[in-house]
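K.L.:
Would you mind keeping the following structure in view while I ask a few things?
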Amino acid sequence: MCGFVGFSDPGGPESGRATAERMLAAVAHRGPDGSSRCHHHGVTFAHCALTFVGPGRQPFVSSSGAVALVLNGEIYNHRELRRELRAAGARLRTESDTEVLVELYERHGMKVLDRVRGMYAFVLHDARTRMTVLARDPMGKKPLYYTRVPAGIAFASELTALLRHPDAPRTPDVRALAGYLTLQAFCAPGSAVTGVHKVRPGNWLEYAEGRLREVEFWRPRLETSGRGPGRREAAARFEELFRTAVARRVTSTERRLGVLLSGGLDSSAVAAVAQQLSSRRPVLTFSAGFEQSDFDESAHAAAVARHIGAEHHVVRIGGRDLAEVVESEYARADEPLADPSLLPTRIVCRTARQHVRGVLTGDGADELLLGYRYFQAERAIEILLRLMPAPRLEALLRTLVRRLPARSGNLPAAAALSLLARGLRAAPEHRFYLSTAPFGPAELPGLLRPDARAALTDHDPFTEVSRLLDGPSGLTGVQRSQLGVVAHFLRDVILTKADRGGMRSALELRSPFLDLDLVEYGNTLPTALKLRRFTGKFLLRRIAADWLPGDIVRRTKLGFRAPLAALLREELRPLLLDTLSASALDRGGLFDASAVRRLADDHVSGRRDTSRKLWALLTYQLWYQALPAHAPATAPACLDLTEEPHHAP
């Protein structure tokens, strides 16, 4: 979806139409089921559809004509809400979830967000108040960018589309770049471009008469009392909410859905419940099979599929396949994202789209139930720091690193301990990021050129993490770490990867573990029901024992990763050296070419593994080189926009 409030081009309506077409063409991959637009009291809306529910075409105008709305995503409880509307006398015209949303808004205003359950970003215009509202779901599953333009604001589901507006800014944001180099992604509300913003998850923006107002309607909060239900009661309630979450996503549409099955506990639990809900035919499951055994979980995924009776598809992935995604897509990427697991995600999603238009995933379980190894490490740090001061513990970890054998597999022990030592003296909510950062904040001055370096005065990459932690008191180190991971890594990295990995092929990814009711219940539980001793996801392991093989339930998390170090030394080596050459970096003027050359030489020669640093730089530089200086002069001829007529009430 995309659009704008007002338009200052002297070309008038025809020029506005051309702008809408240009913007929508940039996101046409998100919706192959038709495109349309409407002009509603000075606001232009455009939308391309990927339909799951009913024939309702967007933009959707309320029955009174007062409100127009475009929705990206789906309202999962639309059927329940539709029944309530009809009982209240509403005469609905379609089976569309978008109509339910717009009619509920017309009656209840933004209180509608207390009622809806789903993944969504939407924009509406209310002619009664002359207000435009931009809203994003609590977890941030769907993206929404916006910027001020001379006549008002412009908005879009992707940055690429927003930059097609003739008045959109196109200057890279150096301070946001510094955050990206530490955090691997651009943290909302910032973006890669100065003056372009993202709506924060759990927030809406009101725009009227040239003024913007931000309203937060939800944020994650953790229980600090330490009291909670017993294990049996908690497991029963968690299972009930989890089953409901999977059912909401499966039964909200008549379309057949699949499951991205990694072979780990999270996606396996989702697949098991989805199969139980699909008694008439096997669920379609899709997994990646890597050539390198350190990264390959396909045998575990196949075992789960056999156990639950799913129809399983394995996508074999080699280095050439991964390189092809970079070479064909990354110059056109929406916004730089330094998470290399996007590569295999894209490949598996492309295959899944040949069979279904939506899949369930296990995303969110690690954040909700403390499944990452770093939460276990945080628990260990809490204990060890009671026994010895931080400098002594740091020295101990570094000694262990030197004595352990080095290898290039998937997070070897030496690398894990080394990363942990990097963030040991930091606040708990920062440790996760500092231990995984491509570049620590102290490394940035040596990487950037003087002009870019000057923009970093007083720069703090953790501003948004700190905002989310502002207020609650009595949180343990593990709880602060958990909220810190949710604040950015889940919302800006994991869910950005999921949306981009799927929607590039018009495949929608749905995450039952991020169902709001399940998240809110999980946040009330004490840490001991999530992380028991040093085993994460305690409740999930307990309830999944009845659905899955024992070895899957007990497995240590491997993580869905790409063999990045080998990829940059082999298949992507020519692209890496060309994109990060001195001449290419000189044209950008941001990075010190000699510092980058040392990183590249060290990695290619095998002296040390700098793949995470090089990947962050390569991903950004490919995007930067393709950043348009000006909006395209004409719209692609292939886009056929149908104009939806609208008459004022």
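Every chain in the structure tokens has a letter given in the order shown (A, B, ...), and although residue numbers restart at 1 in each chain, ligands are simply numbered from 1 in the order shown.
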Please provide as an mmCIF file with N, CA, C and O atoms, in the first residue's frame all residues within 9 Å of segment 216-232 of chain A, with the sequence filter that same-chain residues fewer than 6 positions apart are discarded (counting only C-alpha atoms).
P.N.:
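Below is the file that was written, out.cif:
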data_model
loop_
_atom_site.group_PDB
_atom_site.id
_atom_site.type_symbol
_atom_site.label_atom_id
_atom_site.label_comp_id
_atom_site.auth_asym_id
_atom_site.auth_seq_id
_atom_site.Cartn_x
_atom_site.Cartn_y
_atom_site.Cartn_z
ATOM 1 N N LEU A 113 -8.454 -0.778 18.126
ATOM 2 C CA LEU A 113 -7.208 -1.527 18.268
ATOM 3 C C LEU A 113 -7.200 -2.403 19.517
ATOM 4 O O LEU A 113 -6.399 -3.334 19.613
ATOM 5 N N ASP A 114 -8.067 -2.108 20.472
ATOM 6 C CA ASP A 114 -8.184 -2.980 21.636
ATOM 7 C C ASP A 114 -8.864 -4.298 21.278
ATOM 8 O O ASP A 114 -8.742 -5.282 22.010
ATOM 9 N N ASP A 137 0.710 -2.777 14.053
ATOM 10 C CA ASP A 137 0.322 -3.726 15.086
ATOM 11 C C ASP A 137 1.346 -3.772 16.228
ATOM 12 O O ASP A 137 2.483 -3.313 16.067
ATOM 13 N N PRO A 138 0.954 -4.302 17.393
ATOM 14 C CA PRO A 138 1.816 -4.229 18.581
ATOM 15 C C PRO A 138 3.210 -4.797 18.404
ATOM 16 O O PRO A 138 4.167 -4.275 18.969
ATOM 17 N N MET A 139 3.345 -5.880 17.647
ATOM 18 C CA MET A 139 4.665 -6.494 17.505
ATOM 19 C C MET A 139 5.439 -5.943 16.312
ATOM 20 O O MET A 139 6.639 -6.164 16.202
ATOM 21 N N ARG A 200 6.338 3.297 14.793
ATOM 22 C CA ARG A 200 6.761 2.327 15.806
ATOM 23 C C ARG A 200 5.704 1.233 15.969
ATOM 24 O O ARG A 200 4.504 1.505 15.895
ATOM 25 N N PRO A 201 6.117 -0.013 16.230
ATOM 26 C CA PRO A 201 5.137 -1.047 16.582
ATOM 27 C C PRO A 201 4.328 -0.618 17.799
ATOM 28 O O PRO A 201 4.852 -0.004 18.734
ATOM 29 N N GLY A 202 3.037 -0.952 17.786
ATOM 30 C CA GLY A 202 2.187 -0.607 18.907
ATOM 31 C C GLY A 202 1.865 0.866 19.008
ATOM 32 O O GLY A 202 1.463 1.338 20.077
ATOM 33 N N ASN A 203 2.023 1.600 17.905
ATOM 34 C CA ASN A 203 1.757 3.034 17.885
ATOM 35 C C ASN A 203 0.866 3.394 16.711
ATOM 36 O O ASN A 203 0.801 2.668 15.714
ATOM 37 N N TRP A 204 0.190 4.530 16.846
ATOM 38 C CA TRP A 204 -0.424 5.143 15.672
ATOM 39 C C TRP A 204 -0.042 6.611 15.623
ATOM 40 O O TRP A 204 0.321 7.211 16.642
ATOM 41 N N LEU A 205 -0.066 7.172 14.422
ATOM 42 C CA LEU A 205 0.219 8.584 14.184
ATOM 43 C C LEU A 205 -1.028 9.257 13.657
ATOM 44 O O LEU A 205 -1.713 8.716 12.787
ATOM 45 N N LEU A 468 12.013 1.796 25.681
ATOM 46 C CA LEU A 468 11.104 0.717 26.058
ATOM 47 C C LEU A 468 11.316 0.286 27.503
ATOM 48 O O LEU A 468 10.392 -0.170 28.170
ATOM 49 N N LEU A 469 12.532 0.453 28.017
ATOM 50 C CA LEU A 469 12.832 0.043 29.385
ATOM 51 C C LEU A 469 12.641 1.174 30.387
ATOM 52 O O LEU A 469 12.845 0.983 31.592
ATOM 53 N N PRO A 472 9.722 0.721 34.008
ATOM 54 C CA PRO A 472 9.606 -0.449 34.883
ATOM 55 C C PRO A 472 10.790 -0.557 35.846
ATOM 56 O O PRO A 472 11.932 -0.327 35.464
ATOM 57 N N SER A 473 10.503 -0.894 37.070
ATOM 58 C CA SER A 473 11.560 -1.095 38.061
ATOM 59 C C SER A 473 11.459 -2.523 38.589
ATOM 60 O O SER A 473 10.425 -3.175 38.457
ATOM 61 N N GLY A 474 12.542 -2.989 39.186
ATOM 62 C CA GLY A 474 12.536 -4.322 39.773
ATOM 63 C C GLY A 474 12.788 -5.437 38.788
ATOM 64 O O GLY A 474 12.644 -6.614 39.141
ATOM 65 N N LEU A 475 13.168 -5.115 37.544
ATOM 66 C CA LEU A 475 13.439 -6.152 36.555
ATOM 67 C C LEU A 475 14.793 -6.787 36.819
ATOM 68 O O LEU A 475 15.768 -6.108 37.147
ATOM 69 N N THR A 476 14.878 -8.098 36.649
ATOM 70 C CA THR A 476 16.164 -8.792 36.747
ATOM 71 C C THR A 476 16.970 -8.554 35.479
ATOM 72 O O THR A 476 16.463 -8.032 34.479
ATOM 73 N N GLN A 479 15.351 -10.313 32.600
ATOM 74 C CA GLN A 479 14.164 -9.612 32.108
ATOM 75 C C GLN A 479 14.535 -8.368 31.314
ATOM 76 O O GLN A 479 13.915 -8.062 30.292
ATOM 77 N N LEU A 483 13.468 -7.745 27.358
ATOM 78 C CA LEU A 483 12.821 -6.560 26.803
ATOM 79 C C LEU A 483 13.718 -5.866 25.788
ATOM 80 O O LEU A 483 13.242 -5.335 24.779
ATOM 81 N N VAL A 486 13.365 -7.749 22.513
ATOM 82 C CA VAL A 486 12.075 -7.468 21.878
ATOM 83 C C VAL A 486 12.069 -6.070 21.267
ATOM 84 O O VAL A 486 11.531 -5.857 20.181
ATOM 85 N N ALA A 487 12.679 -5.107 21.966
ATOM 86 C CA ALA A 487 12.631 -3.711 21.536
ATOM 87 C C ALA A 487 13.146 -3.518 20.123
ATOM 88 O O ALA A 487 12.607 -2.716 19.358
ATOM 89 N N VAL A 519 1.307 -13.546 23.828
ATOM 90 C CA VAL A 519 2.426 -12.713 24.278
ATOM 91 C C VAL A 519 2.131 -12.107 25.645
ATOM 92 O O VAL A 519 2.979 -12.132 26.556
ATOM 93 N N GLU A 520 0.930 -11.572 25.803
ATOM 94 C CA GLU A 520 0.606 -10.920 27.074
ATOM 95 C C GLU A 520 0.578 -11.927 28.228
ATOM 96 O O GLU A 520 1.005 -11.611 29.342
ATOM 97 N N GLY A 522 2.369 -14.772 28.287
ATOM 98 C CA GLY A 522 3.768 -15.128 28.507
ATOM 99 C C GLY A 522 4.514 -14.078 29.302
ATOM 100 O O GLY A 522 5.385 -14.397 30.128
ATOM 101 N N ASN A 523 4.166 -12.805 29.093
ATOM 102 C CA ASN A 523 4.858 -11.727 29.800
ATOM 103 C C ASN A 523 4.491 -11.658 31.281
ATOM 104 O O ASN A 523 5.191 -11.006 32.057
ATOM 105 N N THR A 524 3.391 -12.300 31.676
ATOM 106 C CA THR A 524 3.034 -12.324 33.098
ATOM 107 C C THR A 524 3.725 -13.447 33.851
ATOM 108 O O THR A 524 3.713 -13.456 35.089
ATOM 109 N N LEU A 525 4.321 -14.389 33.136
ATOM 110 C CA LEU A 525 4.895 -15.567 33.791
ATOM 111 C C LEU A 525 6.275 -15.258 34.356
ATOM 112 O O LEU A 525 7.063 -14.518 33.762
ATOM 113 N N PRO A 526 6.618 -15.832 35.485
ATOM 114 C CA PRO A 526 7.957 -15.638 36.036
ATOM 115 C C PRO A 526 9.014 -16.308 35.167
ATOM 116 O O PRO A 526 8.732 -17.254 34.429
ATOM 117 N N THR A 527 10.223 -15.816 35.291
ATOM 118 C CA THR A 527 11.330 -16.331 34.479
ATOM 119 C C THR A 527 11.508 -17.836 34.654
ATOM 120 O O THR A 527 11.838 -18.551 33.700
ATOM 121 N N ALA A 528 11.256 -18.357 35.832
ATOM 122 C CA ALA A 528 11.482 -19.782 36.098
ATOM 123 C C ALA A 528 10.594 -20.691 35.259
ATOM 124 O O ALA A 528 10.927 -21.865 35.063
ATOM 125 N N LEU A 529 9.457 -20.175 34.755
ATOM 126 C CA LEU A 529 8.603 -20.982 33.888
ATOM 127 C C LEU A 529 8.998 -20.871 32.416
ATOM 128 O O LEU A 529 8.421 -21.542 31.574
ATOM 129 N N LEU A 539 8.116 -24.167 29.269
ATOM 130 C CA LEU A 539 6.701 -24.499 29.104
ATOM 131 C C LEU A 539 6.432 -25.148 27.757
ATOM 132 O O LEU A 539 5.660 -26.103 27.659
#
K.L.:
Need to verify the contact set: Val283 of chain A, 9 Å, only C-alpha atoms, exclusion of same-chain residues closer than 4 positions in sequence. Can you return it as an mmCIF file with C-alpha atoms, in the first residue's frame?
P.N.:
data_model
loop_
_atom_site.group_PDB
_atom_site.id
_atom_site.type_symbol
_atom_site.label_atom_id
_atom_site.label_comp_id
_atom_site.auth_asym_id
_atom_site.auth_seq_id
_atom_site.Cartn_x
_atom_site.Cartn_y
_atom_site.Cartn_z
ATOM 1 C CA ARG A 256 -4.390 -23.441 2.249
ATOM 2 C CA LEU A 257 -1.390 -22.516 4.389
ATOM 3 C CA GLY A 258 1.969 -24.223 4.844
ATOM 4 C CA VAL A 259 4.609 -24.186 7.590
ATOM 5 C CA ALA A 271 3.454 -27.656 12.439
ATOM 6 C CA ALA A 274 -1.515 -27.026 12.371
ATOM 7 C CA GLN A 275 -1.678 -30.684 11.316
ATOM 8 C CA SER A 278 -6.135 -30.103 9.291
ATOM 9 C CA ALA A 305 7.187 -34.105 9.113
ATOM 10 C CA GLY A 309 2.067 -36.814 8.799
ATOM 11 C CA ALA A 310 2.894 -33.648 6.857
ATOM 12 C CA GLU A 311 3.659 -33.381 3.138
ATOM 13 C CA HIS A 312 7.270 -32.262 3.301
#
K.L.:
With DSSP run on the backbone, what are the alpha helix (DSSP H) residues within segment 16-189 of chain A? I'd like them as a ChimeraX atom specification.
P.N.:
/A:16-25,78-87,97-108,159-162,174-183
K.L.:
For the residues selected in the previous step, produce a file with N, CA and C atoms as a compact mmCIF listing (two decimals), in the first residue's frame.
P.N.:
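Wrote part.txt, looks like this:
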# COMPACT_ATOMS: atom_id res chain seq x y z
N GLY A 16 -0.65 13.56 -9.91
CA GLY A 16 -0.87 12.77 -8.70
C GLY A 16 -1.11 11.31 -9.01
N ARG A 17 -1.86 11.06 -10.07
CA ARG A 17 -2.11 9.67 -10.48
C ARG A 17 -0.80 8.99 -10.87
N ALA A 18 0.03 9.71 -11.63
CA ALA A 18 1.31 9.13 -12.05
C ALA A 18 2.19 8.81 -10.85
N THR A 19 2.17 9.68 -9.85
CA THR A 19 2.96 9.43 -8.64
C THR A 19 2.45 8.19 -7.92
N ALA A 20 1.13 8.05 -7.80
CA ALA A 20 0.56 6.86 -7.17
C ALA A 20 0.97 5.61 -7.92
N GLU A 21 0.97 5.66 -9.24
CA GLU A 21 1.36 4.49 -10.03
C GLU A 21 2.84 4.16 -9.83
N ARG A 22 3.68 5.20 -9.79
CA ARG A 22 5.11 4.94 -9.57
C ARG A 22 5.34 4.28 -8.21
N MET A 23 4.70 4.82 -7.20
CA MET A 23 4.89 4.28 -5.86
C MET A 23 4.38 2.84 -5.76
N LEU A 24 3.21 2.59 -6.30
CA LEU A 24 2.63 1.25 -6.18
C LEU A 24 3.41 0.23 -7.00
N ALA A 25 3.98 0.65 -8.12
CA ALA A 25 4.77 -0.28 -8.93
C ALA A 25 5.95 -0.84 -8.15
N HIS A 78 -11.69 -11.44 12.29
CA HIS A 78 -12.66 -10.63 11.55
C HIS A 78 -14.05 -11.27 11.57
N ARG A 79 -14.13 -12.60 11.60
CA ARG A 79 -15.44 -13.23 11.58
C ARG A 79 -16.22 -12.95 12.86
N GLU A 80 -15.56 -13.06 13.97
CA GLU A 80 -16.19 -12.74 15.25
C GLU A 80 -16.65 -11.28 15.28
N LEU A 81 -15.78 -10.37 14.83
CA LEU A 81 -16.13 -8.95 14.82
C LEU A 81 -17.24 -8.65 13.82
N ARG A 82 -17.26 -9.38 12.70
CA ARG A 82 -18.33 -9.17 11.71
C ARG A 82 -19.69 -9.54 12.30
N ARG A 83 -19.73 -10.62 13.06
CA ARG A 83 -20.99 -11.01 13.69
C ARG A 83 -21.49 -9.93 14.64
N GLU A 84 -20.58 -9.32 15.38
CA GLU A 84 -20.97 -8.25 16.30
C GLU A 84 -21.50 -7.04 15.54
N LEU A 85 -20.86 -6.70 14.44
CA LEU A 85 -21.32 -5.56 13.65
C LEU A 85 -22.71 -5.81 13.10
N ARG A 86 -22.94 -7.00 12.58
CA ARG A 86 -24.25 -7.31 12.02
C ARG A 86 -25.32 -7.34 13.11
N ALA A 87 -24.97 -7.84 14.28
CA ALA A 87 -25.92 -7.85 15.40
C ALA A 87 -26.28 -6.43 15.82
N ASP A 97 -12.03 -8.57 5.66
CA ASP A 97 -11.61 -8.10 6.98
C ASP A 97 -11.37 -6.60 6.97
N THR A 98 -11.04 -6.04 5.80
CA THR A 98 -10.83 -4.59 5.70
C THR A 98 -12.12 -3.84 5.96
N GLU A 99 -13.24 -4.35 5.45
CA GLU A 99 -14.52 -3.70 5.70
C GLU A 99 -14.85 -3.75 7.19
N VAL A 100 -14.58 -4.86 7.84
CA VAL A 100 -14.82 -4.96 9.28
C VAL A 100 -14.03 -3.88 10.02
N LEU A 101 -12.77 -3.72 9.64
CA LEU A 101 -11.91 -2.74 10.32
C LEU A 101 -12.43 -1.32 10.12
N VAL A 102 -12.79 -0.97 8.89
CA VAL A 102 -13.20 0.41 8.62
C VAL A 102 -14.54 0.72 9.28
N GLU A 103 -15.45 -0.25 9.31
CA GLU A 103 -16.76 0.00 9.94
C GLU A 103 -16.63 0.05 11.46
N LEU A 104 -15.77 -0.77 12.03
CA LEU A 104 -15.53 -0.70 13.47
C LEU A 104 -14.90 0.63 13.85
N TYR A 105 -13.95 1.09 13.04
CA TYR A 105 -13.33 2.39 13.32
C TYR A 105 -14.38 3.50 13.29
N GLU A 106 -15.26 3.48 12.29
CA GLU A 106 -16.25 4.55 12.18
C GLU A 106 -17.13 4.61 13.42
N ARG A 107 -17.32 3.48 14.09
CA ARG A 107 -18.17 3.45 15.28
C ARG A 107 -17.40 3.69 16.58
N HIS A 108 -16.15 3.22 16.64
CA HIS A 108 -15.43 3.23 17.92
C HIS A 108 -14.12 4.01 17.88
N LEU A 159 10.21 1.33 1.85
CA LEU A 159 10.98 2.55 1.62
C LEU A 159 11.15 2.81 0.13
N THR A 160 11.36 1.75 -0.64
CA THR A 160 11.54 1.90 -2.08
C THR A 160 10.36 2.62 -2.72
N ALA A 161 9.15 2.29 -2.28
CA ALA A 161 7.96 2.94 -2.83
C ALA A 161 7.88 4.39 -2.40
N LEU A 162 8.22 4.67 -1.16
CA LEU A 162 8.16 6.05 -0.67
C LEU A 162 9.11 6.95 -1.45
N VAL A 174 23.34 9.38 8.34
CA VAL A 174 24.60 8.84 8.84
C VAL A 174 24.44 8.34 10.28
N ARG A 175 23.68 9.05 11.11
CA ARG A 175 23.48 8.60 12.48
C ARG A 175 22.71 7.28 12.51
N ALA A 176 21.72 7.15 11.62
CA ALA A 176 21.00 5.87 11.54
C ALA A 176 21.91 4.78 11.01
N LEU A 177 22.81 5.12 10.10
CA LEU A 177 23.79 4.15 9.59
C LEU A 177 24.66 3.63 10.73
N ALA A 178 25.08 4.51 11.62
CA ALA A 178 25.89 4.07 12.75
C ALA A 178 25.13 3.07 13.62
N GLY A 179 23.84 3.32 13.81
CA GLY A 179 23.03 2.36 14.55
C GLY A 179 22.93 1.03 13.84
N TYR A 180 22.76 1.08 12.53
CA TYR A 180 22.68 -0.15 11.72
C TYR A 180 23.95 -0.98 11.86
N LEU A 181 25.11 -0.34 11.86
CA LEU A 181 26.37 -1.07 11.91
C LEU A 181 26.57 -1.78 13.25
N THR A 182 25.85 -1.34 14.27
CA THR A 182 25.87 -2.02 15.56
C THR A 182 24.71 -2.99 15.72
N LEU A 183 23.53 -2.58 15.25
CA LEU A 183 22.29 -3.32 15.53
C LEU A 183 21.83 -4.21 14.39
K.L.:
Taking the backbone alone, and naming residues the way the document does, which bits of segment 62-190 of chain A are strand (DSSP E) by DSSP, as a VMD selection string?
P.N.:
chain A and resid 67 to 75 118 to 126 131 to 136 145 to 149 152 to 156
K.L.:
If I take atom CA of Arg504 of chain A and atom CA of Ala156 of chain A, how far is one from the other in Å, to one decimal?
P.N.:
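Straight-line distance from atom CA of Arg504 of chain A to atom CA of Ala156 of chain A works out to 15.2 Å.
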K.L.:
Find, counting only C-alpha atoms, the residue in A:Arg554, A:Arg541, A:Lys613, A:His313 that gets nearest to Ala352 of chain A.
P.N.:
A:His313
K.L.:
Find the distance between atom CA of His40 of chain A and atom CA of Ala127 of chain A and write it in Å to one decimal.
P.N.:
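The value is 8.0 Å.
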K.L.:
If we count only C-alpha atoms and set the cut-off at 9 Å, which residues sit around His603 of chain A, ignoring sequence neighbours fewer than 4 positions away in its own chain? Please answer as a PyMOL selection string.
P.N.:
chain A and resi 565+568-569+598-599+607-611+614
K.L.:
Would you output that residue set with N, CA, C and O atoms, as an mmCIF file, in the first residue's frame?
P.N.:
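As written to disk, out-v2.cif reads:
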data_model
loop_
_atom_site.group_PDB
_atom_site.id
_atom_site.type_symbol
_atom_site.label_atom_id
_atom_site.label_comp_id
_atom_site.auth_asym_id
_atom_site.auth_seq_id
_atom_site.Cartn_x
_atom_site.Cartn_y
_atom_site.Cartn_z
ATOM 1 N N ALA A 565 30.761 -16.907 6.138
ATOM 2 C CA ALA A 565 32.212 -16.773 5.995
ATOM 3 C C ALA A 565 32.697 -17.398 4.689
ATOM 4 O O ALA A 565 33.459 -16.786 3.926
ATOM 5 N N LEU A 568 31.472 -15.420 1.433
ATOM 6 C CA LEU A 568 32.205 -14.201 1.079
ATOM 7 C C LEU A 568 33.604 -14.513 0.557
ATOM 8 O O LEU A 568 34.185 -13.718 -0.195
ATOM 9 N N ARG A 569 34.167 -15.658 0.939
ATOM 10 C CA ARG A 569 35.486 -16.025 0.409
ATOM 11 C C ARG A 569 35.394 -16.686 -0.966
ATOM 12 O O ARG A 569 36.373 -16.704 -1.709
ATOM 13 N N ARG A 598 41.396 -3.487 4.757
ATOM 14 C CA ARG A 598 42.034 -4.381 5.740
ATOM 15 C C ARG A 598 41.067 -5.485 6.161
ATOM 16 O O ARG A 598 41.471 -6.647 6.308
ATOM 17 N N LEU A 599 39.816 -5.137 6.368
ATOM 18 C CA LEU A 599 38.822 -6.150 6.732
ATOM 19 C C LEU A 599 38.670 -7.194 5.631
ATOM 20 O O LEU A 599 38.607 -8.398 5.898
ATOM 21 N N ARG A 607 43.128 -14.943 7.340
ATOM 22 C CA ARG A 607 43.810 -14.576 8.584
ATOM 23 C C ARG A 607 42.837 -14.488 9.757
ATOM 24 O O ARG A 607 43.157 -14.886 10.876
ATOM 25 N N ARG A 608 41.664 -13.934 9.528
ATOM 26 C CA ARG A 608 40.629 -13.888 10.562
ATOM 27 C C ARG A 608 39.272 -13.740 9.899
ATOM 28 O O ARG A 608 39.165 -13.275 8.760
ATOM 29 N N ASP A 609 38.247 -14.132 10.624
ATOM 30 C CA ASP A 609 36.884 -14.093 10.100
ATOM 31 C C ASP A 609 36.274 -12.725 10.389
ATOM 32 O O ASP A 609 35.952 -12.391 11.532
ATOM 33 N N THR A 610 36.136 -11.913 9.354
ATOM 34 C CA THR A 610 35.488 -10.600 9.478
ATOM 35 C C THR A 610 34.178 -10.586 8.694
ATOM 36 O O THR A 610 33.722 -9.537 8.248
ATOM 37 N N SER A 611 33.563 -11.751 8.531
ATOM 38 C CA SER A 611 32.410 -11.861 7.640
ATOM 39 C C SER A 611 31.223 -11.018 8.107
ATOM 40 O O SER A 611 30.515 -10.439 7.277
ATOM 41 N N LEU A 614 31.949 -7.421 7.106
ATOM 42 C CA LEU A 614 31.897 -7.253 5.657
ATOM 43 C C LEU A 614 30.474 -7.383 5.134
ATOM 44 O O LEU A 614 30.075 -6.684 4.191
#
K.L.:
So which one's closest to Leu548 of chain A, A:Ala331, A:Leu518, A:Val273, A:Ala437? Using only C-alpha atoms, please.
P.N.:
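Nearest to Leu548 of chain A: A:Val273.
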K.L.:
Between A:Gly318, A:Gly588, A:Gly471, A:Pro461, which residue has the minimum interatomic distance to Pro563 of chain A, considering only C-alpha atoms?
P.N.:
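Using only C-alpha atoms, Pro563 of chain A sits closest to A:Gly318.
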K.L.:
Check the smallest atom-to-atom distance from each of A:Phe238, A:Phe52, A:Tyr146, A:Tyr372 to Thr194 of chain A using only C-alpha atoms, then report the winner.
P.N.:
A:Tyr146
K.L.:
Show me, as a compact mmCIF listing (two decimals) with N, CA and C atoms, in the first residue's frame, the residues that have an atom within 12 Å of Arg555 of chain A when counting only C-alpha atoms, minus same-chain residues fewer than 3 positions from it.
P.N.:
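Final output, saved to out-v5.txt:
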# COMPACT_ATOMS: atom_id res chain seq x y z
N GLY A 263 13.00 -27.75 11.81
CA GLY A 263 13.45 -28.93 12.53
C GLY A 263 13.73 -28.62 13.99
N GLY A 264 13.64 -27.33 14.36
CA GLY A 264 13.76 -26.94 15.75
C GLY A 264 12.42 -27.08 16.46
N LEU A 265 12.43 -26.84 17.76
CA LEU A 265 11.23 -27.03 18.57
C LEU A 265 10.10 -26.09 18.16
N ASP A 266 10.40 -24.82 17.90
CA ASP A 266 9.36 -23.81 17.71
C ASP A 266 8.50 -24.10 16.49
N SER A 268 8.41 -26.79 14.79
CA SER A 268 7.85 -28.15 14.87
C SER A 268 6.55 -28.15 15.67
N GLU A 297 19.71 -28.61 9.18
CA GLU A 297 18.76 -29.25 10.09
C GLU A 297 17.70 -30.05 9.33
N HIS A 300 16.29 -33.35 10.76
CA HIS A 300 15.38 -33.17 11.88
C HIS A 300 14.00 -32.72 11.39
N GLY A 371 14.52 -18.47 24.70
CA GLY A 371 15.15 -19.60 24.05
C GLY A 371 16.55 -19.36 23.55
N THR A 535 17.87 -24.14 30.78
CA THR A 535 17.11 -24.64 29.64
C THR A 535 15.97 -23.68 29.33
N GLY A 536 15.98 -23.11 28.14
CA GLY A 536 14.94 -22.17 27.76
C GLY A 536 13.70 -22.87 27.23
N LYS A 537 12.64 -22.09 27.08
CA LYS A 537 11.35 -22.56 26.53
C LYS A 537 10.80 -23.74 27.32
N ARG A 541 8.47 -26.89 25.87
CA ARG A 541 8.99 -28.26 25.86
C ARG A 541 8.02 -29.19 26.60
N ALA A 545 5.84 -32.18 24.36
CA ALA A 545 6.28 -33.57 24.54
C ALA A 545 5.21 -34.56 24.09
N LEU A 548 5.50 -34.32 19.70
CA LEU A 548 6.72 -34.40 18.91
C LEU A 548 7.66 -35.49 19.43
N PRO A 549 8.58 -35.96 18.58
CA PRO A 549 9.59 -36.92 19.06
C PRO A 549 10.42 -36.33 20.19
N GLY A 550 10.83 -37.18 21.11
CA GLY A 550 11.56 -36.71 22.28
C GLY A 550 12.84 -35.99 21.95
N ASP A 551 13.57 -36.45 20.90
CA ASP A 551 14.84 -35.79 20.59
C ASP A 551 14.63 -34.39 20.05
N ILE A 552 13.48 -34.10 19.42
CA ILE A 552 13.18 -32.76 18.94
C ILE A 552 12.86 -31.85 20.13
N LEU A 558 19.86 -24.72 17.32
CA LEU A 558 20.96 -24.52 16.38
C LEU A 558 20.90 -23.12 15.79
N GLY A 559 19.72 -22.68 15.39
CA GLY A 559 19.60 -21.36 14.77
C GLY A 559 19.62 -21.46 13.27
K.L.:
So, with only C-alpha atoms as the atoms that count, which of A:Arg491, A:Pro428, A:Arg353, A:Ser466 lies closest to Val199 of chain A?
P.N.:
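The closest residue to Val199 of chain A is A:Arg491.
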K.L.:
Find the spatial neighbours of Phe7 of chain A, counting only C-alpha atoms, within a cut-off of 12 Å - ignore same-chain residues fewer than 6 positions away - and output them as a list in words.
P.N.:
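The residues satisfying every condition are Pro13, Glu14, Ser15, Gly16, Arg17, Ala18, Thr19, Ala20, His39, Gly42, Val43, Thr44, Arg148, Val149, Pro150, Ala151, Gly152, Ile153, Ala154, His165, Pro166, Asp167 and Ala168 of chain A.
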K.L.:
So how many Å separate atom CA of Asp321 of chain A and atom CA of Ala192 of chain A, to one decimal?
P.N.:
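Between atom CA of Asp321 of chain A and atom CA of Ala192 of chain A the gap works out to 27.5 Å.
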